[in-house]
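Undergrad: Pasting input04.cif below, which is mmCIF, C-alpha atoms.
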data_run
loop_
_atom_site.label_atom_id
_atom_site.label_comp_id
_atom_site.auth_asym_id
_atom_site.auth_seq_id
_atom_site.Cartn_x
_atom_site.Cartn_y
_atom_site.Cartn_z
CA MET P 13 132.23 52.19 28.31
CA VAL P 14 131.16 48.55 28.46
CA GLY P 15 129.04 47.67 31.49
CA LEU P 16 130.94 49.74 34.05
CA PRO P 17 129.04 51.03 37.08
CA PHE P 18 130.21 54.64 36.60
CA ASP P 19 130.74 56.91 33.62
CA GLU P 20 134.15 57.83 32.32
CA ALA P 21 134.08 61.25 34.00
CA GLU P 22 133.73 59.61 37.43
CA TYR P 23 136.75 57.36 36.88
CA ARG P 24 138.84 60.08 35.26
CA GLY P 25 138.08 62.39 38.15
CA ARG P 26 139.34 59.79 40.62
CA GLN P 27 142.50 59.26 38.57
CA SER P 28 143.15 63.00 38.41
CA ARG P 29 142.68 63.53 42.15
CA PHE P 30 144.95 60.58 42.89
CA LEU P 31 147.70 61.52 40.45
CA ALA P 32 147.66 65.15 41.60
CA GLN P 33 149.13 63.83 44.86
CA VAL P 34 151.94 61.88 43.15
CA PRO P 35 155.21 63.56 42.05
CA GLU P 36 155.39 63.87 38.28
CA ASP P 37 158.73 62.04 38.11
CA SER P 38 157.14 58.91 39.59
CA LEU P 39 155.88 55.73 37.98
CA VAL P 40 152.64 54.35 39.41
CA LEU P 41 152.08 50.59 39.36
CA ILE P 42 148.99 49.05 40.98
CA PRO P 43 148.37 45.33 40.36
CA THR P 44 145.00 43.77 40.90
CA ASN P 45 144.57 40.81 43.25
CA PRO P 46 146.09 37.46 42.23
CA THR P 47 143.92 34.37 41.93
CA SER P 48 143.94 32.15 45.02
CA THR P 49 144.03 28.35 45.12
CA ARG P 50 141.28 26.64 47.09
CA SER P 51 142.36 23.05 46.50
CA ASN P 52 144.80 21.51 44.03
CA ASP P 53 143.77 23.08 40.69
CA VAL P 54 140.54 24.70 41.94
CA THR P 55 140.60 28.43 42.67
CA TYR P 56 138.39 30.58 44.86
CA PRO P 57 135.88 32.83 43.06
CA TYR P 58 137.84 35.82 41.84
CA ARG P 59 137.51 39.30 43.35
CA ALA P 60 139.56 42.16 41.90
CA SER P 61 141.56 44.65 43.92
CA SER P 62 139.36 47.42 45.31
CA SER P 63 141.97 50.01 44.33
CA VAL P 64 141.89 48.91 40.69
CA LEU P 65 138.09 48.79 40.72
CA TYR P 66 138.03 52.30 42.15
CA LEU P 67 140.45 53.81 39.65
CA CYS P 68 139.32 52.15 36.42
CA GLY P 69 136.64 49.50 37.03
CA TRP P 70 138.72 46.58 35.73
CA ALA P 71 137.40 43.38 37.35
CA ASP P 72 139.35 40.62 35.59
CA PRO P 73 142.47 38.89 36.98
CA ASP P 74 146.08 39.37 35.90
CA ALA P 75 145.99 43.12 35.38
CA ILE P 76 148.22 46.03 36.38
CA LEU P 77 147.31 49.70 36.27
CA MET P 78 150.23 51.96 35.30
CA ALA P 79 150.44 55.74 35.24
CA GLN P 80 153.34 57.86 34.00
CA HIS P 81 153.65 61.60 33.42
CA ASN P 82 154.61 62.31 29.82
CA ASP P 83 155.32 65.89 28.76
CA SER P 84 152.34 67.82 30.15
CA SER P 85 149.96 65.18 31.50
CA TRP P 86 149.57 61.82 33.18
CA LYS P 87 148.81 58.82 30.99
CA VAL P 88 147.01 55.83 32.45
CA SER P 89 147.40 52.37 30.97
CA LEU P 90 146.51 48.78 31.80
CA PHE P 91 148.42 45.56 31.38
CA VAL P 92 145.85 42.83 30.62
CA GLN P 93 145.71 39.22 29.61
CA PRO P 94 146.30 38.84 25.86
CA GLN P 95 143.63 37.09 23.85
CA ASP P 96 144.38 33.36 23.70
CA THR P 97 141.96 31.01 21.98
CA LEU P 98 142.98 27.89 23.92
CA ALA P 99 142.82 29.63 27.30
CA GLU P 100 139.49 31.19 26.37
CA ILE P 101 138.04 27.81 25.39
CA TRP P 102 138.72 26.56 28.90
CA GLU P 103 138.28 29.63 31.07
CA GLY P 104 136.15 32.17 29.21
CA ARG P 105 136.55 35.04 26.82
CA ARG P 106 139.19 37.66 27.47
CA ILE P 107 138.74 41.36 26.87
CA GLY P 108 142.23 41.72 25.47
CA VAL P 109 144.28 44.82 24.70
CA GLU P 110 141.98 46.34 22.07
CA GLY P 111 138.88 45.71 24.15
CA ALA P 112 140.46 47.33 27.19
CA VAL P 113 141.28 50.51 25.27
CA ALA P 114 137.84 50.66 23.70
CA GLY P 115 135.79 50.05 26.85
CA TRP P 116 137.70 51.30 29.90
CA PRO P 117 138.77 54.75 31.18
CA ILE P 118 142.44 54.42 30.19
CA ASP P 119 144.72 55.96 27.60
CA SER P 120 146.38 52.76 26.39
CA ALA P 121 146.73 49.06 27.11
CA HIS P 122 149.51 46.49 26.91
CA SER P 123 149.66 42.73 26.87
CA LEU P 124 151.05 41.16 30.01
CA ASP P 125 153.47 39.42 27.66
CA ASP P 126 155.14 42.83 27.21
CA LEU P 127 155.33 43.61 30.93
CA GLU P 128 159.10 43.38 31.30
CA ASP P 129 159.96 45.52 28.27
CA VAL P 130 157.39 48.25 28.95
CA VAL P 131 157.95 48.53 32.70
CA THR P 132 161.74 48.39 32.44
CA SER P 133 161.69 51.28 29.98
CA ALA P 134 159.27 53.28 32.13
CA LEU P 135 161.37 52.67 35.24
CA SER P 136 164.49 54.06 33.59
CA ASP P 137 162.67 57.38 33.05
CA SER P 138 161.38 57.61 36.63
CA LYS P 139 162.93 58.82 39.89
CA ALA P 140 160.48 57.05 42.19
CA VAL P 141 157.97 54.23 42.06
CA HIS P 142 154.52 54.23 43.65
CA LEU P 143 153.94 50.48 43.85
CA VAL P 144 151.49 48.27 45.71
CA GLN P 145 153.76 45.35 46.53
CA LYS P 146 153.22 41.62 47.17
CA LEU P 147 150.41 41.22 44.66
CA HIS P 148 152.47 40.46 41.55
CA ASP P 149 155.83 38.73 42.01
CA GLU P 150 157.23 39.48 38.56
CA LEU P 151 156.42 43.16 38.89
CA ASP P 152 157.98 43.36 42.35
CA GLU P 153 161.13 41.75 41.01
CA LEU P 154 161.35 44.20 38.09
CA VAL P 155 161.01 47.20 40.39
CA ASN P 156 163.44 45.93 43.01
CA SER P 157 165.97 45.09 40.32
CA ALA P 158 165.72 48.62 38.94
CA LEU P 159 166.30 50.04 42.41
CA THR P 160 169.35 47.94 43.21
CA GLN P 161 171.08 47.42 39.88
CA LYS P 162 174.50 48.95 39.24
CA SER P 163 174.85 50.21 35.70
CA ARG P 164 176.65 52.92 33.77
CA ALA P 165 173.37 54.64 32.91
CA ARG P 166 172.42 54.71 36.56
CA ASN P 167 175.81 55.73 37.91
CA THR P 168 176.69 58.25 35.20
CA TYR P 169 173.35 59.68 34.06
CA GLY P 170 171.21 59.08 37.15
CA LYS P 171 168.75 56.95 35.23
CA GLY P 172 166.22 54.89 37.17
CA PRO P 173 164.22 55.09 40.39
CA LEU P 174 165.66 55.82 43.84
CA SER P 175 162.74 54.88 46.08
CA ILE P 176 159.51 52.92 46.43
CA THR P 177 156.36 54.35 48.01
CA ASP P 178 153.08 52.58 48.62
CA PRO P 179 150.28 54.72 47.08
CA SER P 180 147.56 52.91 49.03
CA SER P 181 147.25 55.60 51.69
CA ILE P 182 146.37 58.20 49.05
CA ILE P 183 143.69 56.02 47.50
CA ASP P 184 142.39 54.92 50.89
CA GLU P 185 141.82 58.52 51.96
CA MET P 186 140.03 59.29 48.69
CA ARG P 187 137.70 56.36 49.23
CA MET P 188 136.59 57.59 52.67
CA CYS P 189 133.99 60.02 51.26
CA LYS P 190 131.67 58.62 48.63
CA SER P 191 130.44 60.48 45.57
CA ALA P 192 126.75 60.74 44.75
CA ALA P 193 127.22 58.02 42.12
CA GLU P 194 128.83 55.71 44.68
CA VAL P 195 126.01 56.31 47.15
CA THR P 196 123.49 55.31 44.49
CA VAL P 197 125.27 51.96 44.05
CA MET P 198 125.57 51.47 47.82
CA GLN P 199 121.84 52.13 48.18
CA ARG P 200 121.14 49.32 45.71
CA SER P 201 123.41 47.03 47.68
CA ALA P 202 121.66 47.97 50.93
CA ASP P 203 118.22 47.44 49.44
CA LEU P 204 119.13 44.00 48.14
CA ALA P 205 120.59 42.93 51.48
CA GLY P 206 117.47 44.18 53.23
CA GLU P 207 115.28 42.12 50.91
CA ALA P 208 117.36 39.03 51.68
CA HIS P 209 116.95 39.49 55.43
CA VAL P 210 113.19 39.86 55.03
CA ALA P 211 113.07 36.69 52.93
CA ALA P 212 115.01 34.86 55.65
CA MET P 213 112.67 36.11 58.37
CA ARG P 214 109.65 34.90 56.39
CA ALA P 215 111.24 31.47 55.86
CA THR P 216 112.15 30.95 59.52
CA GLN P 217 110.38 28.43 61.72
CA PRO P 218 111.43 26.40 64.80
CA SER P 219 114.14 23.81 64.15
CA ILE P 220 115.28 25.48 60.93
CA GLY P 221 118.97 24.94 60.22
CA GLU P 222 121.36 27.84 60.33
CA TRP P 223 122.54 26.69 56.91
CA GLN P 224 119.00 26.90 55.57
CA VAL P 225 118.70 30.54 56.61
CA GLN P 226 122.09 31.15 55.01
CA ALA P 227 120.81 29.53 51.81
CA VAL P 228 117.79 31.84 51.70
CA ILE P 229 119.96 34.92 52.22
CA GLU P 230 122.69 34.03 49.74
CA GLY P 231 120.23 32.54 47.25
CA HIS P 232 118.50 35.92 47.17
CA PHE P 233 121.81 37.59 46.44
CA LEU P 234 122.59 35.17 43.62
CA SER P 235 119.14 35.47 42.09
CA ALA P 236 119.72 39.22 41.77
CA GLY P 237 123.13 38.75 40.13
CA SER P 238 125.00 39.61 43.31
CA GLN P 239 127.10 37.73 45.86
CA TRP P 240 127.97 38.04 49.53
CA SER P 241 130.34 40.81 50.56
CA TYR P 242 131.63 38.69 53.47
CA PRO P 243 130.85 35.15 54.67
CA SER P 244 127.40 35.17 56.25
CA ILE P 245 127.13 34.79 60.02
CA VAL P 246 124.02 32.81 60.97
CA GLY P 247 124.01 31.88 64.65
CA GLY P 248 121.11 30.48 66.64
CA GLY P 249 120.84 30.32 70.43
CA ASP P 250 124.26 30.39 72.07
CA ASN P 251 125.92 30.60 68.66
CA ALA P 252 124.56 34.16 68.43
CA THR P 253 126.93 35.08 71.26
CA ILE P 254 130.00 34.28 69.12
CA LEU P 255 130.89 37.45 67.25
CA HIS P 256 132.36 35.91 64.10
CA TYR P 257 130.55 32.58 64.13
CA HIS P 258 130.84 30.89 60.75
CA ALA P 259 129.99 27.21 61.16
CA ASN P 260 126.31 27.81 60.33
CA ASN P 261 125.61 24.10 60.81
CA GLN P 262 123.26 23.80 63.80
CA PRO P 263 119.45 23.69 64.04
CA VAL P 264 117.78 26.59 65.85
CA GLU P 265 115.17 25.36 68.28
CA ASP P 266 111.82 26.73 69.38
CA GLY P 267 112.31 29.59 71.84
CA GLU P 268 115.76 30.59 70.57
CA LEU P 269 116.89 33.73 68.79
CA ILE P 270 118.80 33.68 65.52
CA LEU P 271 121.35 36.37 64.68
CA VAL P 272 122.05 36.97 60.99
CA ASP P 273 124.93 39.21 59.91
CA ALA P 274 124.91 39.18 56.11
CA GLY P 275 125.50 41.63 53.29
CA CYS P 276 125.98 41.61 49.55
CA GLU P 277 128.11 43.28 46.92
CA VAL P 278 126.78 45.33 44.02
CA ASP P 279 129.31 46.56 41.47
CA GLY P 280 131.98 45.95 44.10
CA TYR P 281 130.26 47.97 46.86
CA ALA P 282 129.34 46.21 50.09
CA SER P 283 126.31 46.31 52.33
CA ASP P 284 126.42 45.02 55.90
CA ILE P 285 123.25 44.28 57.87
CA THR P 286 122.64 42.43 61.11
CA ARG P 287 119.20 41.49 62.37
CA THR P 288 118.16 39.23 65.24
CA TRP P 289 114.80 37.50 65.49
CA PRO P 290 112.99 34.71 67.38
CA VAL P 291 112.62 31.56 65.31
CA ASN P 292 109.09 30.99 66.61
CA GLY P 293 108.05 34.54 65.72
CA LYS P 294 107.57 35.79 69.27
CA PHE P 295 110.14 37.39 71.57
CA SER P 296 110.11 36.09 75.15
CA ASP P 297 110.06 38.74 77.86
CA ALA P 298 113.78 38.34 78.50
CA GLN P 299 114.62 38.40 74.79
CA ARG P 300 112.50 41.51 74.28
CA GLU P 301 114.23 43.31 77.16
CA ILE P 302 117.66 42.77 75.63
CA TYR P 303 116.48 43.39 72.08
CA GLU P 304 114.80 46.69 72.86
CA LEU P 305 117.86 47.84 74.81
CA VAL P 306 120.13 47.11 71.84
CA LEU P 307 117.67 48.80 69.47
CA ALA P 308 117.54 51.91 71.64
CA ALA P 309 121.34 51.97 71.67
CA GLU P 310 121.50 51.58 67.90
CA LEU P 311 119.08 54.46 67.33
CA ALA P 312 121.18 56.64 69.65
CA GLY P 313 124.32 55.62 67.76
CA ILE P 314 122.73 56.54 64.42
CA GLU P 315 121.59 59.91 65.77
CA ALA P 316 125.19 60.62 66.81
CA CYS P 317 126.44 60.23 63.23
CA ARG P 318 126.69 63.87 62.23
CA VAL P 319 129.13 66.04 60.31
CA GLY P 320 131.85 67.45 62.54
CA VAL P 321 131.58 65.03 65.45
CA PRO P 322 134.42 62.61 66.30
CA TRP P 323 134.46 59.13 64.81
CA ASN P 324 133.92 57.54 68.21
CA SER P 325 130.69 59.46 68.90
CA SER P 326 128.46 56.59 67.78
CA HIS P 327 130.27 54.19 70.11
CA LYS P 328 129.99 56.55 73.06
CA ALA P 329 126.28 56.96 72.42
CA THR P 330 125.61 53.22 72.24
CA MET P 331 127.77 52.53 75.30
CA GLU P 332 125.85 55.10 77.33
CA VAL P 333 122.45 53.61 76.48
CA ILE P 334 123.57 50.03 77.04
CA SER P 335 125.38 50.84 80.29
CA ARG P 336 122.31 52.51 81.78
CA GLY P 337 120.12 49.69 80.52
CA LEU P 338 122.26 46.93 82.01
CA ILE P 339 122.17 48.71 85.36
CA ASP P 340 118.39 49.11 85.15
CA LEU P 341 117.95 45.42 84.29
CA GLY P 342 120.14 44.37 87.21
CA VAL P 343 122.78 42.81 84.99
CA LEU P 344 125.38 45.23 86.34
CA ASP P 345 125.60 46.20 89.99
CA CYS P 346 127.79 49.29 89.70
CA THR P 347 127.71 52.99 89.00
CA PHE P 348 127.20 54.36 85.50
CA GLU P 349 130.82 55.57 85.51
CA GLU P 350 132.07 52.10 86.39
CA ALA P 351 129.95 50.59 83.63
CA MET P 352 131.36 53.04 81.07
CA GLY P 353 134.99 53.04 82.22
CA GLU P 354 137.55 55.78 81.71
CA ASN P 355 138.15 54.82 78.07
CA LEU P 356 134.86 53.07 77.28
CA ASP P 357 136.41 49.96 78.81
CA GLY P 358 134.19 49.51 81.88
CA LYS P 359 132.04 46.63 83.05
CA THR P 360 129.63 46.96 80.14
CA ARG P 361 132.38 45.51 77.96
CA GLN P 362 131.76 42.10 79.51
CA PHE P 363 128.61 41.88 77.39
CA PHE P 364 129.27 44.45 74.63
CA MET P 365 132.84 43.68 73.66
CA HIS P 366 133.22 45.13 70.17
CA GLY P 367 133.17 48.58 68.61
CA THR P 368 130.08 50.20 67.16
CA SER P 369 131.17 51.42 63.73
CA HIS P 370 133.46 50.72 60.80
CA SER P 371 133.76 52.30 57.37
CA LEU P 372 131.89 50.71 54.48
CA GLY P 373 132.46 50.89 50.74
CA LEU P 374 134.34 48.76 48.23
CA ASP P 375 135.48 46.71 51.23
CA VAL P 376 133.10 45.69 53.98
CA HIS P 377 135.65 46.90 56.51
CA ASP P 378 136.60 49.78 54.29
CA VAL P 379 139.94 51.55 54.14
CA GLY P 380 140.97 54.91 55.52
CA ILE P 381 142.33 56.04 58.87
CA THR P 382 139.54 56.74 61.35
CA ARG P 383 141.51 57.00 64.62
CA PRO P 384 144.99 58.36 63.88
CA GLY P 385 147.52 56.74 66.18
CA GLY P 386 144.79 54.57 67.69
CA GLU P 387 144.17 57.17 70.38
CA GLY P 388 141.46 59.68 71.20
CA ASP P 389 138.00 59.91 69.69
CA GLY P 390 139.18 59.82 66.08
CA ARG P 391 138.80 62.05 63.05
CA LEU P 392 135.73 64.19 62.50
CA LEU P 393 132.94 62.79 60.40
CA GLU P 394 132.51 64.30 56.93
CA ALA P 395 129.64 64.33 54.48
CA GLY P 396 129.90 61.34 52.16
CA MET P 397 131.33 58.93 54.70
CA VAL P 398 129.44 55.67 55.11
CA LEU P 399 129.76 53.68 58.31
CA THR P 400 127.94 50.95 60.15
CA VAL P 401 126.25 51.31 63.52
CA GLU P 402 126.08 47.90 65.21
CA PRO P 403 125.77 47.62 68.99
CA GLY P 404 125.17 44.20 70.52
CA LEU P 405 124.74 42.30 73.77
CA TYR P 406 125.95 38.74 74.26
CA PHE P 407 125.16 36.44 77.18
CA GLY P 408 126.87 33.18 76.25
CA SER P 409 125.89 30.38 78.61
CA TRP P 410 129.28 28.84 77.83
CA ARG P 411 131.18 31.81 79.29
CA SER P 412 133.12 30.84 82.43
CA ASP P 413 135.08 34.09 82.69
CA ILE P 414 132.08 36.22 83.74
CA GLU P 415 128.84 35.76 85.62
CA VAL P 416 126.01 35.47 83.11
CA PRO P 417 122.52 36.20 84.49
CA GLU P 418 120.33 33.12 84.21
CA ARG P 419 117.44 35.17 82.81
CA TYR P 420 119.49 36.17 79.78
CA SER P 421 121.68 33.10 79.40
CA GLY P 422 122.04 32.04 75.76
CA ILE P 423 120.80 35.35 74.34
CA GLY P 424 122.82 37.19 71.70
CA VAL P 425 121.46 40.29 69.96
CA ARG P 426 123.10 42.59 67.42
CA ILE P 427 121.39 45.17 65.22
CA GLU P 428 123.36 46.78 62.40
CA ASP P 429 122.60 49.39 59.77
CA ASP P 430 124.59 51.25 57.13
CA VAL P 431 124.61 55.02 57.65
CA LEU P 432 125.49 57.81 55.21
CA ILE P 433 126.80 61.03 56.75
CA THR P 434 125.23 64.15 55.22
CA GLU P 435 125.13 67.85 56.03
CA ASN P 436 121.47 67.38 56.97
CA GLY P 437 122.00 64.48 59.34
CA PRO P 438 122.42 60.71 59.04
CA ILE P 439 120.65 58.74 56.31
CA VAL P 440 120.13 55.04 57.01
CA LEU P 441 120.76 53.27 53.70
CA THR P 442 119.39 50.02 55.15
CA ALA P 443 116.17 51.59 56.49
CA SER P 444 114.04 49.25 54.37
CA CYS P 445 115.10 46.27 56.51
CA PRO P 446 112.63 45.91 59.44
CA LYS P 447 113.95 46.00 62.99
CA THR P 448 111.19 46.92 65.45
CA VAL P 449 109.73 44.14 67.57
CA ALA P 450 106.32 44.56 65.95
CA GLU P 451 107.75 44.49 62.41
CA ILE P 452 109.82 41.38 63.09
CA GLU P 453 107.03 39.47 64.81
CA GLY P 454 104.77 40.31 61.88
CA LEU P 455 107.25 38.78 59.41
CA VAL P 456 108.86 35.72 60.96
CA GLY P 457 107.40 32.48 59.66
CA HIS P 458 104.80 34.18 57.48
CA GLY P 459 106.10 32.82 54.17
CA ALA P 460 106.75 34.64 50.95
#
Starting from the file, lay out its structure as C-alpha cells.
TA:
Amino acid sequence: MVGLPFDEAEYRGRQSRFLAQVPEDSLVLIPTNPTSTRSNDVTYPYRASSSVLYLCGWADPDAILMAQHNDSSWKVSLFVQPQDTLAEIWEGRRIGVEGAVAGWPIDSAHSLDDLEDVVTSALSDSKAVHLVQKLHDELDELVNSALTQKSRARNTYGKGPLSITDPSSIIDEMRMCKSAAEVTVMQRSADLAGEAHVAAMRATQPSIGEWQVQAVIEGHFLSAGSQWSYPSIVGGGDNATILHYHANNQPVEDGELILVDAGCEVDGYASDITRTWPVNGKFSDAQREIYELVLAAELAGIEACRVGVPWNSSHKATMEVISRGLIDLGVLDCTFEEAMGENLDGKTRQFFMHGTSHSLGLDVHDVGITRPGGEGDGRLLEAGMVLTVEPGLYFGSWRSDIEVPERYSGIGVRIEDDVLITENGPIVLTASCPKTVAEIEGLVGHGA
C-alpha cells in the first residue's frame, strides 16, 4: 500500500472487527470530513475524519467509505474524487478510482460522480443503514429519501431500508485500546512533541513573546513533516492561569512562568504535552513550591494508571496530593475532607478546576465512553488505553470570585504527560520531555 502508516492486515483487522458488530442486512456509509471555509474562497487546512483514517487510512477530502455484505462476506469500497486534469492543475493531483483500489485496503472504488446510482442500488438491497450523518449533504438526502419514499417495490416487496443507526459508537469503542502498531506511531508523536518543548525551553529568555515560543514549537513540528494536533496554548504570567488561553500575543517578563500546552500529529495520531518553566531559567521560591506540588501530584496520578482500576483513579490521586499540599502551604484553611469534597468537588477545586485525564489517539480528546452515564468512577482501565495525566494549579491575580494568596498570585502551573496502560504498569510515552526542576533550570535559555 502507498505510504500508509499501517499494513493491510492492520486495516483489514479493524474492518473485520467493526463489521462483525453490524447486521449483515445493513449498508454502512461513513463519509470523511468536509472541507471548511476560512474566509471567502480560502479553506482551512484539511484534516480527514478519524473514523475513515482508522478504517482505511484515506486522508483526502470528498470520500465515503461503504461496506455491504454480498453473499458470504463484507465488501468494503470507497467513493473518491475522480481524476480531473483542470482541478488537479489548480489543487493538486488526485489519487482517483484506480489508484485507490491499487493502494488502499479496500475491495473496490467508485467515482463520486456515480454516488447516486451506486448508493441508491445498494440501499434497495438493505434493511438498515449505518450512517454517520451531517458530513455529506447529498448522501444524507439519498438515505433519507430511501427511508421515506413510497413505492411499489417498497410496499409490495419490502425493498429498501427501515432504519438509520450511527455506527460511531462501535468504532469509538474499538479505538479505546491501541494496537502495538498504533502505540509505535503514538510514541513517535510523543517524542517529536517532547523535542519541540525542549527546543522552546532552550530558546526562552526574559521578555520573549508568547508567539515566539509558539513559533519554535510549531516550527519544530513542521520541520519534521508534522503539524499541531490542537492549537498551541502558550501563556505567560497570569495568562498561564487561563485553561484554554489561545491569544499567544503577550511578552513574558523576567520573573514570570510560561505554560506551554502543545502537541503534534503523526500519521493522524496526537500527542499532548504541557510543561511550565520560568522564563529567566530559575524558579522563585513560591513558583518552586507550586511546581513541585503539581509534579508530585502528576507522578501520583501516573502511578494510579493501572489495569483494572477505575478511570477516575488518576484524578483521585492527584486531588489527594494537591489537597494535602494546599493545606500544608496555608492556601487552604480546612480539613482534608473539606478540601477533597464528597465528589472531588471540595475547596481544592478553586485552584484545580479541571479533570486529570482524557483519552488520546486519533483525536487529542479521543473518543470512547469513559464514565458511563457521567456518574461514578468510570470504566476500568484496560491494557492498550492511552490517556493523559495533567494536574494543575492556577492562582490568577485577576480572579475576584476567590481569595488568591499574594505569595502565589499570577502563578499557573500544569504538567501533562501521555500514559500507556499496560499489564506491567503505566508507560509514559512522553518521558523524554524533561520536567524536574533541575532538568528545566538546566535547559531554559541555554540555546540549541
Undergrad: Write out as a tab-separated table a residue-level contact list of range 13-75 of chain P versus range 238-251 of chain P with cut-off 12 Å: for each qualifying residue the closest pair of atoms and the distance in Å to one decimal, counting only C-alpha atoms, rows sorted by chain and residue number upward.
TA:
residue	atom	partner	partner_atom	distance
P:Pro57	CA	P:Gln239	CA	10.4
P:Tyr58	CA	P:Gln239	CA	11.6
P:Arg59	CA	P:Ser241	CA	10.3
Undergrad: Could you give me, as a ChimeraX atom specification, the residues that sit within 12 Å of (112.2, 48.0, 63.5) in the file's coordinates, counting all atoms listed in the file?
TA: /P:210,287-289,303-304,306-308,310-311,427-429,442-455
Undergrad: Tell me which of P:Gly437, P:Gly115, P:Pro94, P:Gly337 sits closest to Gly320 in chain P, counting all atoms listed in the file.
TA: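 Closest candidate: P:Gly437.
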Undergrad: Quick check on the file I pasted: which residues fall under the PyMOL selection byres ((chain P and resi 15) around 12)? Write them as a list in words.
TA: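 When the PyMOL selection byres ((chain P and resi 15) around 12) is applied, the selected residues are Met13, Val14, Leu16, Pro17, Phe18, Asp19, Glu20, Gly69, Trp70, Ala71, Gly115, Trp116 and Asp279 of chain P.
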Undergrad: Could you jot down the CA of Thr44 in chain P to CA of Asp96 in chain P separation for me, Å, one decimal place?
TA: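 Straight-line distance from CA of Thr44 in chain P to CA of Asp96 in chain P works out to 20.1 Å.
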Undergrad: Please evaluate the PyMOL selection byres ((chain P and resi 403) around 12) against the structure above and give the resulting residues as a ChimeraX atom specification.
TA: /P:255,285-288,302-314,326-335,360-361,363-370,400-402,404-406,424-429
Undergrad: Give me a file of those residues, with C-alpha atoms, as a PDB file, in the coordinates of the input.
TA:
ATOM      1  CA  LEU P 255     130.890  37.450  67.250  1.00  0.00           C
ATOM      2  CA  ILE P 285     123.250  44.280  57.870  1.00  0.00           C
ATOM      3  CA  THR P 286     122.640  42.430  61.110  1.00  0.00           C
ATOM      4  CA  ARG P 287     119.200  41.490  62.370  1.00  0.00           C
ATOM      5  CA  THR P 288     118.160  39.230  65.240  1.00  0.00           C
ATOM      6  CA  ILE P 302     117.660  42.770  75.630  1.00  0.00           C
ATOM      7  CA  TYR P 303     116.480  43.390  72.080  1.00  0.00           C
ATOM      8  CA  GLU P 304     114.800  46.690  72.860  1.00  0.00           C
ATOM      9  CA  LEU P 305     117.860  47.840  74.810  1.00  0.00           C
ATOM     10  CA  VAL P 306     120.130  47.110  71.840  1.00  0.00           C
ATOM     11  CA  LEU P 307     117.670  48.800  69.470  1.00  0.00           C
ATOM     12  CA  ALA P 308     117.540  51.910  71.640  1.00  0.00           C
ATOM     13  CA  ALA P 309     121.340  51.970  71.670  1.00  0.00           C
ATOM     14  CA  GLU P 310     121.500  51.580  67.900  1.00  0.00           C
ATOM     15  CA  LEU P 311     119.080  54.460  67.330  1.00  0.00           C
ATOM     16  CA  ALA P 312     121.180  56.640  69.650  1.00  0.00           C
ATOM     17  CA  GLY P 313     124.320  55.620  67.760  1.00  0.00           C
ATOM     18  CA  ILE P 314     122.730  56.540  64.420  1.00  0.00           C
ATOM     19  CA  SER P 326     128.460  56.590  67.780  1.00  0.00           C
ATOM     20  CA  HIS P 327     130.270  54.190  70.110  1.00  0.00           C
ATOM     21  CA  LYS P 328     129.990  56.550  73.060  1.00  0.00           C
ATOM     22  CA  ALA P 329     126.280  56.960  72.420  1.00  0.00           C
ATOM     23  CA  THR P 330     125.610  53.220  72.240  1.00  0.00           C
ATOM     24  CA  MET P 331     127.770  52.530  75.300  1.00  0.00           C
ATOM     25  CA  GLU P 332     125.850  55.100  77.330  1.00  0.00           C
ATOM     26  CA  VAL P 333     122.450  53.610  76.480  1.00  0.00           C
ATOM     27  CA  ILE P 334     123.570  50.030  77.040  1.00  0.00           C
ATOM     28  CA  SER P 335     125.380  50.840  80.290  1.00  0.00           C
ATOM     29  CA  THR P 360     129.630  46.960  80.140  1.00  0.00           C
ATOM     30  CA  ARG P 361     132.380  45.510  77.960  1.00  0.00           C
ATOM     31  CA  PHE P 363     128.610  41.880  77.390  1.00  0.00           C
ATOM     32  CA  PHE P 364     129.270  44.450  74.630  1.00  0.00           C
ATOM     33  CA  MET P 365     132.840  43.680  73.660  1.00  0.00           C
ATOM     34  CA  HIS P 366     133.220  45.130  70.170  1.00  0.00           C
ATOM     35  CA  GLY P 367     133.170  48.580  68.610  1.00  0.00           C
ATOM     36  CA  THR P 368     130.080  50.200  67.160  1.00  0.00           C
ATOM     37  CA  SER P 369     131.170  51.420  63.730  1.00  0.00           C
ATOM     38  CA  HIS P 370     133.460  50.720  60.800  1.00  0.00           C
ATOM     39  CA  THR P 400     127.940  50.950  60.150  1.00  0.00           C
ATOM     40  CA  VAL P 401     126.250  51.310  63.520  1.00  0.00           C
ATOM     41  CA  GLU P 402     126.080  47.900  65.210  1.00  0.00           C
ATOM     42  CA  GLY P 404     125.170  44.200  70.520  1.00  0.00           C
ATOM     43  CA  LEU P 405     124.740  42.300  73.770  1.00  0.00           C
ATOM     44  CA  TYR P 406     125.950  38.740  74.260  1.00  0.00           C
ATOM     45  CA  GLY P 424     122.820  37.190  71.700  1.00  0.00           C
ATOM     46  CA  VAL P 425     121.460  40.290  69.960  1.00  0.00           C
ATOM     47  CA  ARG P 426     123.100  42.590  67.420  1.00  0.00           C
ATOM     48  CA  ILE P 427     121.390  45.170  65.220  1.00  0.00           C
ATOM     49  CA  GLU P 428     123.360  46.780  62.400  1.00  0.00           C
ATOM     50  CA  ASP P 429     122.600  49.390  59.770  1.00  0.00           C
TER      51      ASP P 429
END
Undergrad: Rank nothing, just name the residue among P:Ala192, P:Ile423, P:Leu338, P:Val456 nearest to Asp297 in chain P, using all atoms listed in the file.
TA: P:Ile423
Undergrad: Would you pick out the contacts of Arg318 in chain P at 9 Å or less, using all atoms listed in the file, so that residues sharing its chain but fewer than 5 positions from it are not included, and give the list as a VMD selection string?
TA: chain P and resid 325 393 to 395 433 to 438
Undergrad: P:Glu349, P:Asp266, P:Glu354, P:Asp184: which is nearest Leu372 in chain P, counting all atoms listed in the file?
TA: P:Asp184
Undergrad: With all atoms listed in the file as the counted atoms, please give the residues lying no more than 7 Å from Val431 in chain P, apart from itself and same-chain residues fewer than 5 positions off, as an MDAnalysis selection string.
TA: chainID P and resid 398:400 438:441
Undergrad: Counting only C-alpha atoms, which of P:Ser181, P:Thr160, P:Gln93, P:Ser120 gets nearest to Ser63 in chain P?
TA: P:Ser181
Undergrad: Please, what distance in Å, to one decimal, runs between CA of Ser136 in chain P and CA of Tyr23 in chain P?
TA: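 Between CA of Ser136 in chain P and CA of Tyr23 in chain P the gap is 28.1 Å.
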Undergrad: Applying the PyMOL selection byres ((chain P and resi 66) around 12) to the file I just gave you, which residues come out? Please list them as a PyMOL selection string.
TA: chain P and resi 16-18+20+22-27+30+42+44+60-65+67-71+77+117+180+183-184+186-188+190-191+194+279-281+373-375
